[in-house]
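Printed here is entry_12.txt (compact mmCIF, C-alpha atoms and all ligand atoms):
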# COMPACT_ATOMS: atom_id res chain seq x y z
CA GLY T 1 -34.72 7.20 66.65
CA ASN T 2 -33.28 10.69 66.67
CA LYS T 3 -30.25 11.29 68.80
CA SER T 4 -29.38 14.80 69.78
CA ILE T 5 -27.02 16.56 72.08
CA ASN T 6 -27.28 20.07 73.41
CA ALA T 7 -23.91 21.78 73.50
CA LYS T 8 -22.99 25.25 74.65
CA LEU T 9 -20.36 27.00 72.67
CA VAL T 10 -18.76 30.36 73.32
CA LEU T 11 -17.14 32.48 70.63
CA LEU T 12 -14.48 34.96 71.68
CA GLY T 13 -12.66 37.59 69.70
CA ASP T 14 -12.44 41.22 68.74
CA ALA T 15 -15.46 43.16 67.54
CA GLY T 16 -15.71 42.72 63.81
CA ALA T 17 -13.97 39.32 63.67
CA GLY T 18 -17.20 37.66 62.60
CA LYS T 19 -18.53 35.89 65.69
CA SER T 20 -22.16 36.78 65.17
CA SER T 21 -21.85 35.97 61.51
CA LEU T 22 -20.44 32.52 62.21
CA VAL T 23 -23.23 31.85 64.69
CA LEU T 24 -25.80 32.99 62.20
CA ARG T 25 -24.23 30.82 59.51
CA PHE T 26 -24.22 27.83 61.80
CA VAL T 27 -27.68 28.23 63.25
CA LYS T 28 -29.60 29.61 60.29
CA GLY T 29 -27.38 29.02 57.29
CA GLN T 30 -27.49 32.74 56.52
CA PHE T 31 -25.13 35.67 56.12
CA VAL T 32 -25.85 39.38 56.34
CA GLU T 33 -23.38 41.98 55.08
CA PHE T 34 -24.12 44.59 57.72
CA GLN T 35 -24.21 42.49 60.82
CA GLU T 36 -24.00 44.53 64.03
CA SER T 37 -20.70 43.90 65.79
CA THR T 38 -20.46 41.93 68.99
CA ILE T 39 -17.85 43.14 71.44
CA GLY T 40 -15.89 40.40 73.14
CA ALA T 41 -17.98 37.30 73.08
CA ALA T 42 -20.89 35.73 71.35
CA PHE T 43 -22.58 32.95 73.18
CA PHE T 44 -25.09 30.50 72.01
CA SER T 45 -26.47 27.11 72.65
CA GLN T 46 -27.46 24.75 69.95
CA THR T 47 -29.11 21.41 69.97
CA VAL T 48 -27.20 19.35 67.47
CA ALA T 49 -29.52 16.74 66.08
CA LEU T 50 -27.95 13.77 64.46
CA ASN T 51 -30.96 12.93 62.33
CA ASP T 52 -33.41 15.76 62.55
CA ALA T 53 -32.59 19.47 62.59
CA THR T 54 -34.00 20.85 65.81
CA GLU T 55 -32.21 23.88 67.10
CA ARG T 56 -32.32 26.23 69.96
CA TYR T 57 -30.88 29.67 69.56
CA HIS T 58 -30.16 31.52 72.77
CA GLY T 59 -29.04 34.72 71.17
CA LEU T 60 -25.93 36.65 71.97
CA ALA T 61 -25.24 37.28 75.63
CA PRO T 62 -22.27 38.61 77.57
CA LEU T 63 -19.19 36.46 77.94
CA TYR T 64 -19.84 33.45 80.09
CA TYR T 65 -17.46 30.51 79.92
CA ARG T 66 -19.03 28.38 82.57
CA GLY T 67 -20.95 25.41 81.29
CA ALA T 68 -19.62 25.80 77.79
CA ALA T 69 -18.43 22.57 76.18
CA ALA T 70 -16.33 24.32 73.60
CA ALA T 71 -14.90 27.69 72.68
CA ILE T 72 -13.96 29.18 69.36
CA ILE T 73 -11.61 32.12 69.35
CA VAL T 74 -12.24 34.08 66.19
CA TYR T 75 -10.02 36.54 64.38
CA ASP T 76 -10.38 38.41 61.12
CA ARG T 77 -7.69 37.24 58.68
CA THR T 78 -7.65 40.68 57.08
CA ASN T 79 -6.72 42.38 60.35
CA GLN T 80 -3.41 41.75 62.15
CA THR T 81 -4.64 43.44 65.34
CA SER T 82 -7.54 41.06 65.44
CA PHE T 83 -5.08 38.14 65.38
CA ASP T 84 -2.96 39.71 68.15
CA GLN T 85 -6.10 40.13 70.20
CA ALA T 86 -7.09 36.53 69.54
CA LYS T 87 -3.83 35.43 71.14
CA LYS T 88 -4.75 37.43 74.23
CA TRP T 89 -8.14 35.77 74.27
CA VAL T 90 -6.43 32.39 74.10
CA GLU T 91 -4.19 33.24 77.04
CA GLU T 92 -7.03 34.57 79.11
CA PHE T 93 -9.25 31.69 78.22
CA GLN T 94 -6.64 29.08 78.99
CA ALA T 95 -5.97 30.74 82.34
CA GLN T 96 -9.63 30.96 83.36
CA GLY T 97 -11.49 28.32 81.41
CA ASN T 98 -11.91 24.65 82.02
CA PRO T 99 -8.76 22.93 80.71
CA ASN T 100 -10.85 20.08 79.33
CA MET T 101 -12.85 22.40 77.15
CA VAL T 102 -12.39 21.92 73.44
CA THR T 103 -10.90 25.11 72.05
CA ALA T 104 -10.49 26.16 68.46
CA LEU T 105 -8.94 29.09 66.67
CA ALA T 106 -10.83 30.31 63.61
CA GLY T 107 -9.36 32.65 61.01
CA ASN T 108 -12.48 34.15 59.52
CA LYS T 109 -13.16 36.02 56.25
CA LEU T 110 -11.34 33.48 54.15
CA ASP T 111 -13.29 34.76 51.15
CA LEU T 112 -11.33 38.05 51.26
CA LEU T 113 -8.17 36.40 49.94
CA ASP T 114 -6.54 39.53 48.55
CA ALA T 115 -6.94 41.41 51.82
CA ASN T 116 -5.32 38.70 53.92
CA LYS T 117 -2.87 39.94 56.55
CA VAL T 118 -2.38 36.85 58.70
CA ALA T 119 -0.44 34.01 57.12
CA SER T 120 -2.17 30.65 57.45
CA GLU T 121 1.09 28.97 58.42
CA GLU T 122 1.69 31.42 61.25
CA ALA T 123 -1.77 30.89 62.70
CA GLN T 124 -1.56 27.14 62.20
CA THR T 125 1.76 26.98 64.04
CA TYR T 126 0.43 29.12 66.86
CA ALA T 127 -2.62 26.87 67.18
CA GLN T 128 -0.52 23.73 67.24
CA GLU T 129 1.80 25.12 69.89
CA ASN T 130 -1.19 25.98 72.05
CA GLY T 131 -3.17 22.80 71.57
CA LEU T 132 -6.00 24.38 69.62
CA PHE T 133 -7.94 23.13 66.66
CA PHE T 134 -7.36 25.45 63.75
CA MET T 135 -9.60 26.29 60.85
CA GLU T 136 -10.04 29.07 58.37
CA THR T 137 -13.61 29.99 57.75
CA SER T 138 -15.88 32.22 55.80
CA ALA T 139 -19.21 33.04 57.37
CA LYS T 140 -20.02 34.67 54.06
CA THR T 141 -19.51 31.80 51.65
CA ALA T 142 -19.41 28.83 54.05
CA LYS T 143 -17.35 27.27 51.32
CA ASN T 144 -13.98 26.54 52.76
CA PRO T 145 -12.48 24.10 53.45
CA ALA T 146 -15.42 21.76 53.04
CA PRO T 147 -19.02 22.61 53.66
CA ASN T 148 -21.48 20.51 55.53
CA PRO T 149 -25.18 21.42 55.54
CA SER T 150 -24.81 23.76 58.50
CA GLY T 151 -21.90 25.58 56.92
CA MET T 152 -19.55 24.68 59.75
CA PHE T 153 -16.42 22.67 59.41
CA LEU T 154 -15.47 19.50 61.12
CA VAL T 155 -11.81 19.24 61.93
CA ASP T 156 -9.65 16.62 63.56
CA ARG T 157 -7.97 17.23 66.88
CA PRO T 158 -4.41 18.40 66.29
CA SER T 159 -1.87 15.71 67.08
P1 LIG T 201 -18.48 40.19 65.53
O1 LIG T 201 -18.36 41.60 66.01
O2 LIG T 201 -17.25 39.40 65.87
O3 LIG T 201 -19.71 39.49 65.98
O4 LIG T 201 -18.48 40.27 63.93
P2 LIG T 201 -19.75 40.35 62.94
O5 LIG T 201 -20.35 38.98 62.79
O6 LIG T 201 -20.64 41.43 63.39
O7 LIG T 201 -19.02 40.71 61.59
C1 LIG T 201 -18.37 41.95 61.42
C2 LIG T 201 -18.46 42.38 59.97
O8 LIG T 201 -17.71 41.47 59.16
C3 LIG T 201 -19.87 42.37 59.41
O9 LIG T 201 -20.00 43.44 58.50
C4 LIG T 201 -19.97 41.06 58.67
O10 LIG T 201 -20.89 41.10 57.62
C5 LIG T 201 -18.55 40.89 58.18
N1 LIG T 201 -18.16 39.47 58.07
C6 LIG T 201 -18.27 38.52 59.02
N2 LIG T 201 -17.81 37.35 58.57
C7 LIG T 201 -17.37 37.55 57.31
C8 LIG T 201 -16.78 36.71 56.31
O11 LIG T 201 -16.53 35.51 56.47
N3 LIG T 201 -16.45 37.31 55.11
C9 LIG T 201 -16.70 38.63 54.87
N4 LIG T 201 -16.36 39.11 53.67
N5 LIG T 201 -17.26 39.45 55.79
C10 LIG T 201 -17.59 38.91 56.99
Produce C-alpha cells that represent the structure in this file.
Amino acid sequence: GNKSINAKLVLLGDAGAGKSSLVLRFVKGQFVEFQESTIGAAFFSQTVALNDATERYHGLAPLYYRGAAAAIIVYDRTNQTSFDQAKKWVEEFQAQGNPNMVTALAGNKLDLLDANKVASEEAQTYAQENGLFFMETSAKTAKNPAPNPSGMFLVDRPS
C-alpha cells in the first residue's frame, strides 16, 4: 500500500533568496520569474507520499519553528549580504530551535553562475563547521546537482 509521512518544513532567509520559489518548485514543480518576495520565513507542510503523490500545501505563513521537522536556511548565491544574513539565521535558529531538527543550508540561484558572489567552498566549510546539510539549488531550473521528480535534492548528512 501507499506509505506517506507528513512533514513540516520551515524555510528561513532574506527576502529575495528564493524561499517561495523553492517551495513552489517542490510542491508544484513550477517556477515563476516574478515571484513576490517573502520576508523572513516561508513555511509549509507537505505530505510526502512514497508511492502516490498526494500533497498538502499550507501556504506561506509567518515564521513558526515549533513542530517543524526540518529547516532550510536559504541564501542567494549572487548576493553576499544574503549569505551573511543566512549565517545570522543559522545562529538564531540554533539558539531557539529544537537541536534535533534537521537543518540545511541552501545556496540558491545556482543557474546564475556568472553572477555568483559566494564561493561554494566557503559555504560548504561553514555548513560543515555548523553541522548543516549543504546544497546548492536552482528553483528556476531544478537541475543541479541531480533532479528528482519533485525538483528537490536528496543529500547525505555531513559526516
Ligand atoms: P523569497 O523572498 O525568499 O521567498 O524569494 P522569492 O522566491 O520570492 O524569489 C525572489 C526572486 O528571485 C524572484 O524574482 C524569483 O523569481 C527569483 N528566483 C528565485 N529562485 C531563483 C533561482 O533559482 N534562479 C533564478 N535565476 N531566480 C530565482
Step by step, measure atom-to-atom distances between ligand LIG 201 (chain T) and each residue using all atoms listed in the file, keep those at most 10 Å, then write them as a short mmCIF file (atom, residue, chain, number, x, y, z; two decimals) with C-alpha atoms, in the coordinates of the input.
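Writing the result to result_11.cif gives the following:
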data_model
loop_
_atom_site.label_atom_id
_atom_site.label_comp_id
_atom_site.auth_asym_id
_atom_site.auth_seq_id
_atom_site.Cartn_x
_atom_site.Cartn_y
_atom_site.Cartn_z
CA LEU T 11 -17.14 32.48 70.63
CA LEU T 12 -14.48 34.96 71.68
CA GLY T 13 -12.66 37.59 69.70
CA ASP T 14 -12.44 41.22 68.74
CA ALA T 15 -15.46 43.16 67.54
CA GLY T 16 -15.71 42.72 63.81
CA ALA T 17 -13.97 39.32 63.67
CA GLY T 18 -17.20 37.66 62.60
CA LYS T 19 -18.53 35.89 65.69
CA SER T 20 -22.16 36.78 65.17
CA SER T 21 -21.85 35.97 61.51
CA LEU T 22 -20.44 32.52 62.21
CA VAL T 23 -23.23 31.85 64.69
CA LEU T 24 -25.80 32.99 62.20
CA ARG T 25 -24.23 30.82 59.51
CA PHE T 31 -25.13 35.67 56.12
CA VAL T 32 -25.85 39.38 56.34
CA GLU T 33 -23.38 41.98 55.08
CA PHE T 34 -24.12 44.59 57.72
CA GLN T 35 -24.21 42.49 60.82
CA GLU T 36 -24.00 44.53 64.03
CA SER T 37 -20.70 43.90 65.79
CA THR T 38 -20.46 41.93 68.99
CA ILE T 39 -17.85 43.14 71.44
CA GLY T 40 -15.89 40.40 73.14
CA ALA T 41 -17.98 37.30 73.08
CA ALA T 42 -20.89 35.73 71.35
CA LEU T 60 -25.93 36.65 71.97
CA ILE T 73 -11.61 32.12 69.35
CA VAL T 74 -12.24 34.08 66.19
CA TYR T 75 -10.02 36.54 64.38
CA ASP T 76 -10.38 38.41 61.12
CA ARG T 77 -7.69 37.24 58.68
CA THR T 78 -7.65 40.68 57.08
CA SER T 82 -7.54 41.06 65.44
CA GLY T 107 -9.36 32.65 61.01
CA ASN T 108 -12.48 34.15 59.52
CA LYS T 109 -13.16 36.02 56.25
CA LEU T 110 -11.34 33.48 54.15
CA ASP T 111 -13.29 34.76 51.15
CA LEU T 112 -11.33 38.05 51.26
CA LEU T 113 -8.17 36.40 49.94
CA ALA T 115 -6.94 41.41 51.82
CA GLU T 136 -10.04 29.07 58.37
CA THR T 137 -13.61 29.99 57.75
CA SER T 138 -15.88 32.22 55.80
CA ALA T 139 -19.21 33.04 57.37
CA LYS T 140 -20.02 34.67 54.06
CA THR T 141 -19.51 31.80 51.65
CA ALA T 142 -19.41 28.83 54.05
CA LYS T 143 -17.35 27.27 51.32
#
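CA of Leu9 (chain T) sits 14.7 Å away from CA of Pro99 (chain T).
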I'd like the contact shell of Leu132 (chain T) - 12 Å cut-off, only C-alpha atoms, skipping same-chain residues fewer than 4 positions apart - returned as a list in words.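 Neighbouring residues, sequence-local ones excluded: Ala70, Ala71, Ile72, Ile73, Lys87, Val90, Glu91, Phe93, Gln94, Pro99, Asn100, Met101, Val102, Thr103, Ala104, Leu105, Ala106, Ala123, Gln124, Thr125, Tyr126, Ala127, Gln128, Val155, Asp156, Arg157, Pro158 and Ser159 of chain T.
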So how many Å separate CA of Lys8 (chain T) and CA of Ala69 (chain T), to one decimal? 5.5 Å
Please determine an axis-aligned box that encloses all atoms of region 15-23 of chain T listed in the file, with 3 Å added on each side, and express its centre and edge lengths in Å to one decimal as AutoDock Vina command-line options.
--center_x -18.6 --center_y 37.5 --center_z 64.5 --size_x 15.3 --size_y 17.3 --size_z 12.0
So how many Å separate CA of Glu92 (chain T) and CA of Asn130 (chain T), to one decimal? 12.6 Å
